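This is start.cif. It holds mmCIF, C-alpha atoms and all ligand atoms.
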data_entry
#
loop_
_atom_site.group_PDB
_atom_site.id
_atom_site.type_symbol
_atom_site.label_atom_id
_atom_site.label_comp_id
_atom_site.auth_asym_id
_atom_site.auth_seq_id
_atom_site.Cartn_x
_atom_site.Cartn_y
_atom_site.Cartn_z
ATOM 1 C CA MET A 9 -11.988 -57.173 -27.133
ATOM 2 C CA VAL A 10 -13.564 -53.820 -27.962
ATOM 3 C CA GLU A 11 -11.931 -50.443 -27.352
ATOM 4 C CA LEU A 12 -13.599 -47.073 -27.630
ATOM 5 C CA ASN A 13 -12.114 -43.628 -27.147
ATOM 6 C CA ILE A 14 -14.331 -41.307 -25.128
ATOM 7 C CA ASN A 15 -13.115 -37.775 -24.581
ATOM 8 C CA GLY A 16 -9.482 -38.959 -24.446
ATOM 9 C CA SER A 17 -10.221 -41.880 -22.111
ATOM 10 C CA LYS A 18 -10.507 -45.558 -22.988
ATOM 11 C CA LEU A 19 -13.586 -47.754 -22.589
ATOM 12 C CA VAL A 20 -12.738 -51.452 -22.950
ATOM 13 C CA LEU A 21 -14.976 -54.523 -23.138
ATOM 14 C CA LYS A 22 -13.161 -57.816 -22.642
ATOM 15 C CA LYS A 23 -13.837 -61.369 -21.681
ATOM 16 C CA GLY A 24 -12.018 -62.552 -18.599
ATOM 17 C CA ASP A 25 -11.667 -63.013 -14.875
ATOM 18 C CA ILE A 26 -11.652 -59.659 -13.078
ATOM 19 C CA THR A 27 -9.365 -60.981 -10.329
ATOM 20 C CA GLU A 28 -6.554 -61.060 -12.937
ATOM 21 C CA GLU A 29 -6.894 -57.420 -13.994
ATOM 22 C CA ASP A 30 -4.036 -54.977 -13.523
ATOM 23 C CA THR A 31 -6.065 -51.774 -13.304
ATOM 24 C CA GLU A 32 -5.412 -49.728 -10.142
ATOM 25 C CA ALA A 33 -8.834 -50.723 -8.841
ATOM 26 C CA ILE A 34 -11.294 -53.516 -9.543
ATOM 27 C CA VAL A 35 -14.933 -53.261 -8.520
ATOM 28 C CA ASN A 36 -16.635 -55.983 -6.500
ATOM 29 C CA ALA A 37 -20.335 -56.779 -6.926
ATOM 30 C CA ALA A 38 -20.671 -57.255 -3.179
ATOM 31 C CA ASN A 39 -23.682 -57.758 -0.922
ATOM 32 C CA PRO A 40 -24.612 -55.385 1.933
ATOM 33 C CA SER A 41 -22.864 -57.527 4.565
ATOM 34 C CA LEU A 42 -19.453 -56.962 2.906
ATOM 35 C CA MET A 43 -18.497 -60.349 4.330
ATOM 36 C CA GLY A 44 -17.961 -62.082 0.992
ATOM 37 C CA GLY A 45 -20.286 -64.405 -0.905
ATOM 38 C CA GLY A 46 -20.493 -66.314 -4.158
ATOM 39 C CA GLY A 47 -19.770 -65.266 -7.738
ATOM 40 C CA VAL A 48 -17.303 -62.487 -8.342
ATOM 41 C CA ASP A 49 -17.360 -61.510 -4.644
ATOM 42 C CA GLY A 50 -16.138 -64.956 -3.585
ATOM 43 C CA ALA A 51 -13.457 -64.971 -6.290
ATOM 44 C CA ILE A 52 -12.100 -61.562 -5.220
ATOM 45 C CA HIS A 53 -11.866 -62.517 -1.532
ATOM 46 C CA ALA A 54 -10.373 -65.920 -2.364
ATOM 47 C CA LYS A 55 -7.612 -64.464 -4.516
ATOM 48 C CA GLY A 56 -7.106 -61.197 -2.602
ATOM 49 C CA GLY A 57 -6.672 -62.894 0.768
ATOM 50 C CA PRO A 58 -7.752 -61.953 4.311
ATOM 51 C CA ALA A 59 -6.598 -58.304 4.243
ATOM 52 C CA ILE A 60 -9.688 -57.380 2.193
ATOM 53 C CA LEU A 61 -12.108 -58.974 4.666
ATOM 54 C CA GLU A 62 -10.337 -57.321 7.602
ATOM 55 C CA GLU A 63 -10.901 -53.880 6.093
ATOM 56 C CA CYS A 64 -14.500 -54.764 5.223
ATOM 57 C CA LYS A 65 -15.079 -55.709 8.872
ATOM 58 C CA ARG A 66 -13.652 -52.375 9.986
ATOM 59 C CA ILE A 67 -15.939 -50.530 7.566
ATOM 60 C CA ARG A 68 -18.947 -52.413 8.996
ATOM 61 C CA GLU A 69 -17.928 -51.591 12.568
ATOM 62 C CA THR A 70 -17.310 -47.909 11.931
ATOM 63 C CA GLU A 71 -19.139 -46.545 8.899
ATOM 64 C CA TYR A 72 -21.916 -49.007 8.043
ATOM 65 C CA PRO A 73 -23.015 -51.110 11.055
ATOM 66 C CA GLU A 74 -26.286 -51.960 9.233
ATOM 67 C CA GLY A 75 -24.484 -52.981 6.058
ATOM 68 C CA LEU A 76 -23.635 -51.121 2.854
ATOM 69 C CA PRO A 77 -26.814 -49.683 1.286
ATOM 70 C CA THR A 78 -27.601 -50.648 -2.317
ATOM 71 C CA GLY A 79 -26.002 -48.228 -4.775
ATOM 72 C CA GLU A 80 -23.264 -47.046 -2.389
ATOM 73 C CA ALA A 81 -19.533 -47.834 -2.670
ATOM 74 C CA VAL A 82 -16.561 -48.236 -0.306
ATOM 75 C CA ILE A 83 -12.882 -48.956 -0.914
ATOM 76 C CA THR A 84 -10.375 -51.397 0.586
ATOM 77 C CA THR A 85 -6.924 -52.676 -0.221
ATOM 78 C CA GLY A 86 -6.584 -55.162 -3.065
ATOM 79 C CA GLY A 87 -4.610 -57.459 -0.773
ATOM 80 C CA ASP A 88 -2.752 -60.045 -2.862
ATOM 81 C CA LEU A 89 -4.479 -59.011 -6.111
ATOM 82 C CA LYS A 90 -2.668 -57.219 -8.922
ATOM 83 C CA ALA A 91 -5.075 -54.327 -8.403
ATOM 84 C CA ARG A 92 -4.052 -52.071 -5.539
ATOM 85 C CA TYR A 93 -7.648 -51.408 -4.473
ATOM 86 C CA VAL A 94 -11.037 -53.092 -4.448
ATOM 87 C CA ILE A 95 -14.105 -50.868 -4.633
ATOM 88 C CA HIS A 96 -17.076 -52.702 -3.142
ATOM 89 C CA THR A 97 -20.539 -51.744 -4.307
ATOM 90 C CA VAL A 98 -23.982 -53.324 -4.043
ATOM 91 C CA GLY A 99 -26.336 -53.581 -6.999
ATOM 92 C CA PRO A 100 -30.101 -54.145 -6.778
ATOM 93 C CA VAL A 101 -31.704 -57.593 -6.512
ATOM 94 C CA CYS A 102 -34.169 -58.287 -9.348
ATOM 95 C CA SER A 103 -36.135 -61.125 -7.787
ATOM 96 C CA SER A 104 -38.953 -60.599 -10.289
ATOM 97 C CA GLY A 105 -36.401 -60.699 -13.112
ATOM 98 C CA LYS A 106 -37.290 -57.110 -14.016
ATOM 99 C CA LEU A 107 -35.318 -53.915 -13.732
ATOM 100 C CA ASP A 108 -37.982 -51.349 -12.798
ATOM 101 C CA GLU A 109 -37.271 -47.631 -12.525
ATOM 102 C CA GLU A 110 -36.184 -47.755 -8.912
ATOM 103 C CA LYS A 111 -33.808 -50.664 -9.489
ATOM 104 C CA ALA A 112 -32.419 -49.035 -12.611
ATOM 105 C CA LYS A 113 -31.570 -45.951 -10.529
ATOM 106 C CA LEU A 114 -29.878 -48.081 -7.873
ATOM 107 C CA LEU A 115 -27.808 -49.906 -10.503
ATOM 108 C CA LYS A 116 -26.788 -46.573 -12.013
ATOM 109 C CA ASN A 117 -25.784 -45.356 -8.532
ATOM 110 C CA ALA A 118 -23.602 -48.447 -8.011
ATOM 111 C CA TYR A 119 -21.566 -47.628 -11.149
ATOM 112 C CA TYR A 120 -21.574 -43.867 -10.615
ATOM 113 C CA ASN A 121 -20.583 -43.976 -6.930
ATOM 114 C CA SER A 122 -17.788 -46.461 -7.702
ATOM 115 C CA LEU A 123 -16.357 -44.078 -10.332
ATOM 116 C CA LYS A 124 -16.783 -41.071 -8.043
ATOM 117 C CA LEU A 125 -14.944 -42.856 -5.229
ATOM 118 C CA ALA A 126 -12.168 -43.909 -7.612
ATOM 119 C CA LYS A 127 -11.699 -40.316 -8.683
ATOM 120 C CA GLU A 128 -11.670 -39.095 -5.066
ATOM 121 C CA LYS A 129 -8.877 -41.583 -4.355
ATOM 122 C CA GLY A 130 -6.844 -40.495 -7.386
ATOM 123 C CA ILE A 131 -7.420 -43.788 -9.232
ATOM 124 C CA LYS A 132 -7.147 -43.529 -13.018
ATOM 125 C CA THR A 133 -7.884 -47.080 -14.193
ATOM 126 C CA VAL A 134 -10.857 -49.185 -13.056
ATOM 127 C CA SER A 135 -12.330 -52.600 -13.985
ATOM 128 C CA PHE A 136 -16.010 -53.474 -13.487
ATOM 129 C CA PRO A 137 -17.811 -56.815 -13.540
ATOM 130 C CA SER A 138 -21.410 -56.929 -14.768
ATOM 131 C CA ILE A 139 -23.077 -55.942 -11.485
ATOM 132 C CA SER A 140 -26.401 -57.599 -10.508
ATOM 133 C CA THR A 141 -26.538 -59.961 -13.506
ATOM 134 C CA GLY A 142 -25.551 -63.144 -11.634
ATOM 135 C CA ALA A 143 -27.113 -64.183 -8.331
ATOM 136 C CA TYR A 144 -29.051 -60.874 -8.263
ATOM 137 C CA ARG A 145 -30.806 -61.889 -11.506
ATOM 138 C CA CYS A 146 -31.277 -58.549 -13.226
ATOM 139 C CA PRO A 147 -31.897 -58.728 -17.003
ATOM 140 C CA TRP A 148 -28.615 -58.620 -18.909
ATOM 141 C CA ARG A 149 -29.534 -56.304 -21.760
ATOM 142 C CA ASP A 150 -31.095 -53.593 -19.585
ATOM 143 C CA SER A 151 -28.320 -53.867 -16.997
ATOM 144 C CA ALA A 152 -25.637 -53.603 -19.686
ATOM 145 C CA GLU A 153 -27.286 -50.482 -21.071
ATOM 146 C CA ILE A 154 -27.293 -48.791 -17.668
ATOM 147 C CA ALA A 155 -23.704 -49.865 -16.977
ATOM 148 C CA LEU A 156 -22.410 -48.566 -20.322
ATOM 149 C CA LYS A 157 -24.432 -45.340 -20.313
ATOM 150 C CA THR A 158 -23.330 -44.449 -16.781
ATOM 151 C CA VAL A 159 -19.653 -45.028 -17.546
ATOM 152 C CA ILE A 160 -19.813 -43.207 -20.912
ATOM 153 C CA ASP A 161 -21.568 -40.189 -19.324
ATOM 154 C CA PHE A 162 -18.971 -40.077 -16.563
ATOM 155 C CA LEU A 163 -16.052 -40.216 -19.007
ATOM 156 C CA LYS A 164 -17.662 -37.592 -21.235
ATOM 157 C CA ARG A 165 -18.083 -35.156 -18.362
ATOM 158 C CA GLU A 166 -14.603 -35.383 -16.928
ATOM 159 C CA ASN A 167 -11.275 -36.757 -17.966
ATOM 160 C CA PHE A 168 -9.614 -37.719 -14.692
ATOM 161 C CA ILE A 169 -10.204 -41.460 -15.111
ATOM 162 C CA LYS A 170 -8.217 -42.652 -18.119
ATOM 163 C CA GLU A 171 -9.474 -46.216 -18.580
ATOM 164 C CA VAL A 172 -12.581 -48.179 -17.620
ATOM 165 C CA ARG A 173 -12.759 -51.885 -18.428
ATOM 166 C CA PHE A 174 -15.777 -54.162 -18.311
ATOM 167 C CA VAL A 175 -14.424 -57.622 -17.609
ATOM 168 C CA LEU A 176 -17.117 -60.096 -18.615
ATOM 169 C CA PHE A 177 -16.911 -63.644 -17.366
ATOM 170 C CA THR A 178 -18.635 -65.605 -20.150
ATOM 171 C CA ASP A 179 -19.079 -65.347 -23.923
ATOM 172 C CA GLU A 180 -22.813 -64.829 -23.410
ATOM 173 C CA ILE A 181 -22.559 -61.758 -21.184
ATOM 174 C CA TYR A 182 -19.622 -60.384 -23.211
ATOM 175 C CA ASN A 183 -21.715 -60.603 -26.396
ATOM 176 C CA VAL A 184 -24.602 -58.764 -24.726
ATOM 177 C CA TYR A 185 -22.266 -55.892 -23.771
ATOM 178 C CA VAL A 186 -20.744 -55.705 -27.274
ATOM 179 C CA LYS A 187 -24.185 -55.602 -28.896
ATOM 180 C CA THR A 188 -25.528 -53.044 -26.438
ATOM 181 C CA LEU A 189 -22.535 -50.766 -26.996
ATOM 182 C CA GLU A 190 -23.047 -51.005 -30.775
ATOM 183 C CA GLU A 191 -26.659 -49.907 -30.346
ATOM 184 C CA LEU A 192 -25.730 -47.048 -28.024
ATOM 185 C CA LYS A 193 -23.135 -45.797 -30.529
ATOM 186 C CA LYS A 194 -25.809 -45.580 -33.230
ATOM 187 C CA ASN A 195 -27.852 -43.262 -31.038
ATOM 188 C CA VAL A 196 -25.054 -40.867 -30.122
HETATM 189 P P1 LIG B 1 -24.512 -60.200 -8.388
HETATM 190 O O1 LIG B 1 -24.842 -60.767 -7.034
HETATM 191 O O2 LIG B 1 -24.292 -58.687 -8.359
HETATM 192 O O3 LIG B 1 -25.473 -60.632 -9.437
HETATM 193 P P2 LIG B 1 -22.540 -62.191 -9.263
HETATM 194 O O4 LIG B 1 -21.121 -62.320 -8.828
HETATM 195 O O5 LIG B 1 -23.470 -63.295 -8.920
HETATM 196 O O6 LIG B 1 -23.039 -60.772 -8.699
HETATM 197 O O7 LIG B 1 -22.591 -61.986 -10.833
HETATM 198 C C1 LIG B 1 -22.223 -60.787 -11.469
HETATM 199 C C2 LIG B 1 -21.479 -61.086 -12.749
HETATM 200 O O8 LIG B 1 -20.130 -61.427 -12.428
HETATM 201 C C3 LIG B 1 -22.022 -62.264 -13.549
HETATM 202 O O9 LIG B 1 -22.050 -61.901 -14.922
HETATM 203 C C4 LIG B 1 -20.992 -63.369 -13.304
HETATM 204 O O10 LIG B 1 -20.903 -64.244 -14.400
HETATM 205 C C5 LIG B 1 -19.734 -62.545 -13.187
HETATM 206 N N1 LIG B 1 -18.543 -63.138 -12.563
HETATM 207 C C6 LIG B 1 -18.433 -64.182 -11.724
HETATM 208 N N2 LIG B 1 -17.144 -64.391 -11.401
HETATM 209 C C7 LIG B 1 -16.411 -63.458 -12.055
HETATM 210 C C8 LIG B 1 -15.022 -63.149 -12.178
HETATM 211 N N3 LIG B 1 -14.097 -63.836 -11.526
HETATM 212 N N4 LIG B 1 -14.652 -62.092 -12.986
HETATM 213 C C9 LIG B 1 -15.574 -61.379 -13.648
HETATM 214 N N5 LIG B 1 -16.892 -61.611 -13.567
HETATM 215 C C10 LIG B 1 -17.303 -62.647 -12.792
#

Step by step, read the file and then write its structure as structure tokens.
Ligand code: ADP
Amino acid sequence: MVELNINGSKLVLKKGDITEEDTEAIVNAANPSLMGGGGVDGAIHAKGGPAILEECKRIRETEYPEGLPTGEAVITTGGDLKARYVIHTVGPVCSSGKLDEEKAKLLKNAYYNSLKLAKEKGIKTVSFPSISTGAYRCPWRDSAEIALKTVIDFLKRENFIKEVRFVLFTDEIYNVYVKTLEELKKNV
């Protein structure tokens, strides 16, 4: 586990299963349908129970009949999870395996809009998975850099959110985040 103090708030990197986290909110790497899927999305719905899907259906019917656009974020109950809320966001798909400028911006938006929504809802502690680095196949190193930079910038600019955790599912992705953070610290 790595902990860093940023402007009085905590940035944490840890290995684990995000569905076990006790932050007020956890973030779901969802797809535009908001109807669940594989990976972290499937795990969150499986453990959180049907209340999450019910709210997602309502969001589709009212706010986003065409689906949630990439880079946007919405919030539902956490259902049976320890976390009170789930923030659902959609990262870009890197079918070519590359994170070009447009996709990088969309990935940044996914993190930024999730944090913005958390703040609007008065949430002070948030856990993120590594968005877009599973089924969506974006390169790990570049995605980790965007994820970390976006969170660090947000925490530097305001101090409402007190703790942000990256909960990384495997040793491999955890190590990429640790290394990327080390490199970013050198350039501060
Ligand atoms: P995406 O479609 O955005 O790529 P995935 O769920 O396929 O989303 O993968 C995103 C990341 O989430 C991957 O690094 C994957 O290993 C990880 N992951 C899968 N299950 C969990 C979990 N329960 N907790 C945390 N991370 C998870």

Test item: the PyMOL selection byres (((not hetatm)) within 10 of (chain B and resi 1)) resolved as a ChimeraX atom specification: /A:22-29,34-39,45-52,55,97-102,115,135-146,148,174-182

Given the point (-11.2, -42.7, -23.8) in the coordinates of this file, which residues lie within 10 Å, counting only C-alpha atoms, and how would they look as an MDAnalysis selection string? chainID A and resid 11:20 160 163:164 167 169:172

Let me know the residues the PyMOL selection byres (((chain A and resi 77) around 10) and not hetatm) catches in the file above, as a VMD selection string. chain A and resid 39 to 41 72 74 to 76 78 to 81 97 to 100 114 118

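If you measure from each of A:Pro73, A:Gly86, A:Pro58, A:Gly105 to A:Ala33 using only C-alpha atoms, the closest one turns out to be A:Gly86.
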
Record the distance separating atom CA of A:Ala112 and atom CA of A:Ile83, expressed in Å with one decimal. 22.8 Å

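Atom CA of A:Gly57 lies 12.8 Å from atom CA of A:Arg92.
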
One decimal, Å: what's the distance from atom CA of A:Leu156 over to atom CA of A:Leu189, could you say?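 Separation between atom CA of A:Leu156 and atom CA of A:Leu189: 7.0 Å.
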
Go through A:Ala91, A:Met9, A:Met43, A:Leu21 one by one, measure the shortest atom-to-atom distance of each to A:Tyr185 using all atoms listed in the file, and give the residue with the smallest value.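 Result for the nearest residue to A:Tyr185: A:Leu21.
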
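For the choices A:Val184, A:Leu107, A:Val82, A:Val94, the atom-to-atom distance to A:Asn121 is smallest for A:Val82 when using all atoms listed in the file.
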
Point out the residue among A:Asp88, A:Asp150, A:Glu109, A:Glu32 with the least atom-to-atom distance to A:Lys127, counting only C-alpha atoms.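 Checking each candidate against A:Lys127, we get A:Glu32 as the closest.
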
A:Pro147, A:Gly44, A:Ala59, A:Lys132: which is nearest A:Ser103, counting only C-alpha atoms? A:Pro147

Specify the axis-aligned box that encloses all atoms of stretch 79-84 of chain A listed in the file after padding of 3 Å on each side, stating its centre and edge lengths in Å to one decimal as JSON.
{"center_x": -18.2, "center_y": -49.2, "center_z": -2.1, "size_x": 21.6, "size_y": 10.4, "size_z": 11.4}

Mind completing stretch 151-171 of chain A with N, CA, C and O atoms? Output as a short mmCIF file (atom, residue, chain, number, x, y, z; two decimals), keeping the file's coordinate frame, please?
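Below is the file rebuild-v9.cif, written as the result:
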data_model
loop_
_atom_site.label_atom_id
_atom_site.label_comp_id
_atom_site.auth_asym_id
_atom_site.auth_seq_id
_atom_site.Cartn_x
_atom_site.Cartn_y
_atom_site.Cartn_z
N SER A 151 -29.40 -54.17 -17.94
CA SER A 151 -28.32 -53.87 -17.00
C SER A 151 -27.07 -53.39 -17.73
O SER A 151 -26.38 -52.48 -17.28
N ALA A 152 -26.80 -54.01 -18.88
CA ALA A 152 -25.64 -53.60 -19.69
C ALA A 152 -25.82 -52.17 -20.19
O ALA A 152 -24.87 -51.39 -20.19
N GLU A 153 -27.04 -51.83 -20.58
CA GLU A 153 -27.29 -50.48 -21.07
C GLU A 153 -27.03 -49.44 -19.98
O GLU A 153 -26.38 -48.42 -20.21
N ILE A 154 -27.52 -49.73 -18.78
CA ILE A 154 -27.29 -48.79 -17.67
C ILE A 154 -25.80 -48.69 -17.35
O ILE A 154 -25.25 -47.60 -17.16
N ALA A 155 -25.13 -49.84 -17.30
CA ALA A 155 -23.70 -49.86 -16.98
C ALA A 155 -22.92 -49.02 -17.99
O ALA A 155 -22.14 -48.14 -17.62
N LEU A 156 -23.16 -49.26 -19.27
CA LEU A 156 -22.41 -48.57 -20.32
C LEU A 156 -22.74 -47.08 -20.37
O LEU A 156 -21.85 -46.24 -20.45
N LYS A 157 -24.03 -46.75 -20.26
CA LYS A 157 -24.43 -45.34 -20.31
C LYS A 157 -23.82 -44.56 -19.16
O LYS A 157 -23.36 -43.44 -19.33
N THR A 158 -23.83 -45.16 -17.97
CA THR A 158 -23.33 -44.45 -16.78
C THR A 158 -21.83 -44.19 -16.91
O THR A 158 -21.35 -43.09 -16.63
N VAL A 159 -21.10 -45.19 -17.39
CA VAL A 159 -19.65 -45.03 -17.55
C VAL A 159 -19.35 -44.02 -18.66
O VAL A 159 -18.50 -43.13 -18.51
N ILE A 160 -20.06 -44.12 -19.79
CA ILE A 160 -19.81 -43.21 -20.91
C ILE A 160 -20.10 -41.76 -20.49
O ILE A 160 -19.32 -40.86 -20.75
N ASP A 161 -21.23 -41.54 -19.80
CA ASP A 161 -21.57 -40.19 -19.32
C ASP A 161 -20.48 -39.65 -18.41
O ASP A 161 -20.10 -38.49 -18.50
N PHE A 162 -20.01 -40.50 -17.51
CA PHE A 162 -18.97 -40.08 -16.56
C PHE A 162 -17.70 -39.67 -17.32
O PHE A 162 -17.12 -38.62 -17.05
N LEU A 163 -17.29 -40.50 -18.27
CA LEU A 163 -16.05 -40.22 -19.01
C LEU A 163 -16.20 -38.99 -19.91
O LEU A 163 -15.24 -38.27 -20.15
N LYS A 164 -17.43 -38.77 -20.39
CA LYS A 164 -17.66 -37.59 -21.24
C LYS A 164 -17.55 -36.31 -20.43
O LYS A 164 -17.09 -35.29 -20.92
N ARG A 165 -18.02 -36.36 -19.18
CA ARG A 165 -18.08 -35.16 -18.36
C ARG A 165 -16.75 -34.75 -17.76
O ARG A 165 -16.53 -33.61 -17.45
N GLU A 166 -15.90 -35.74 -17.51
CA GLU A 166 -14.60 -35.38 -16.93
C GLU A 166 -13.53 -36.33 -17.45
O GLU A 166 -13.81 -37.43 -17.87
N ASN A 167 -12.29 -35.87 -17.40
CA ASN A 167 -11.28 -36.76 -17.97
C ASN A 167 -10.19 -37.14 -16.95
O ASN A 167 -9.04 -37.30 -17.32
N PHE A 168 -10.59 -37.28 -15.70
CA PHE A 168 -9.61 -37.72 -14.69
C PHE A 168 -9.33 -39.21 -14.85
O PHE A 168 -8.18 -39.64 -14.90
N ILE A 169 -10.38 -40.01 -14.95
CA ILE A 169 -10.20 -41.46 -15.11
C ILE A 169 -9.85 -41.75 -16.57
O ILE A 169 -10.54 -41.30 -17.48
N LYS A 170 -8.77 -42.47 -16.77
CA LYS A 170 -8.22 -42.65 -18.12
C LYS A 170 -8.67 -43.95 -18.78
O LYS A 170 -8.62 -44.09 -20.00
N GLU A 171 -9.04 -44.96 -17.97
CA GLU A 171 -9.47 -46.22 -18.58
C GLU A 171 -10.49 -46.92 -17.69
O GLU A 171 -10.28 -47.06 -16.48
#
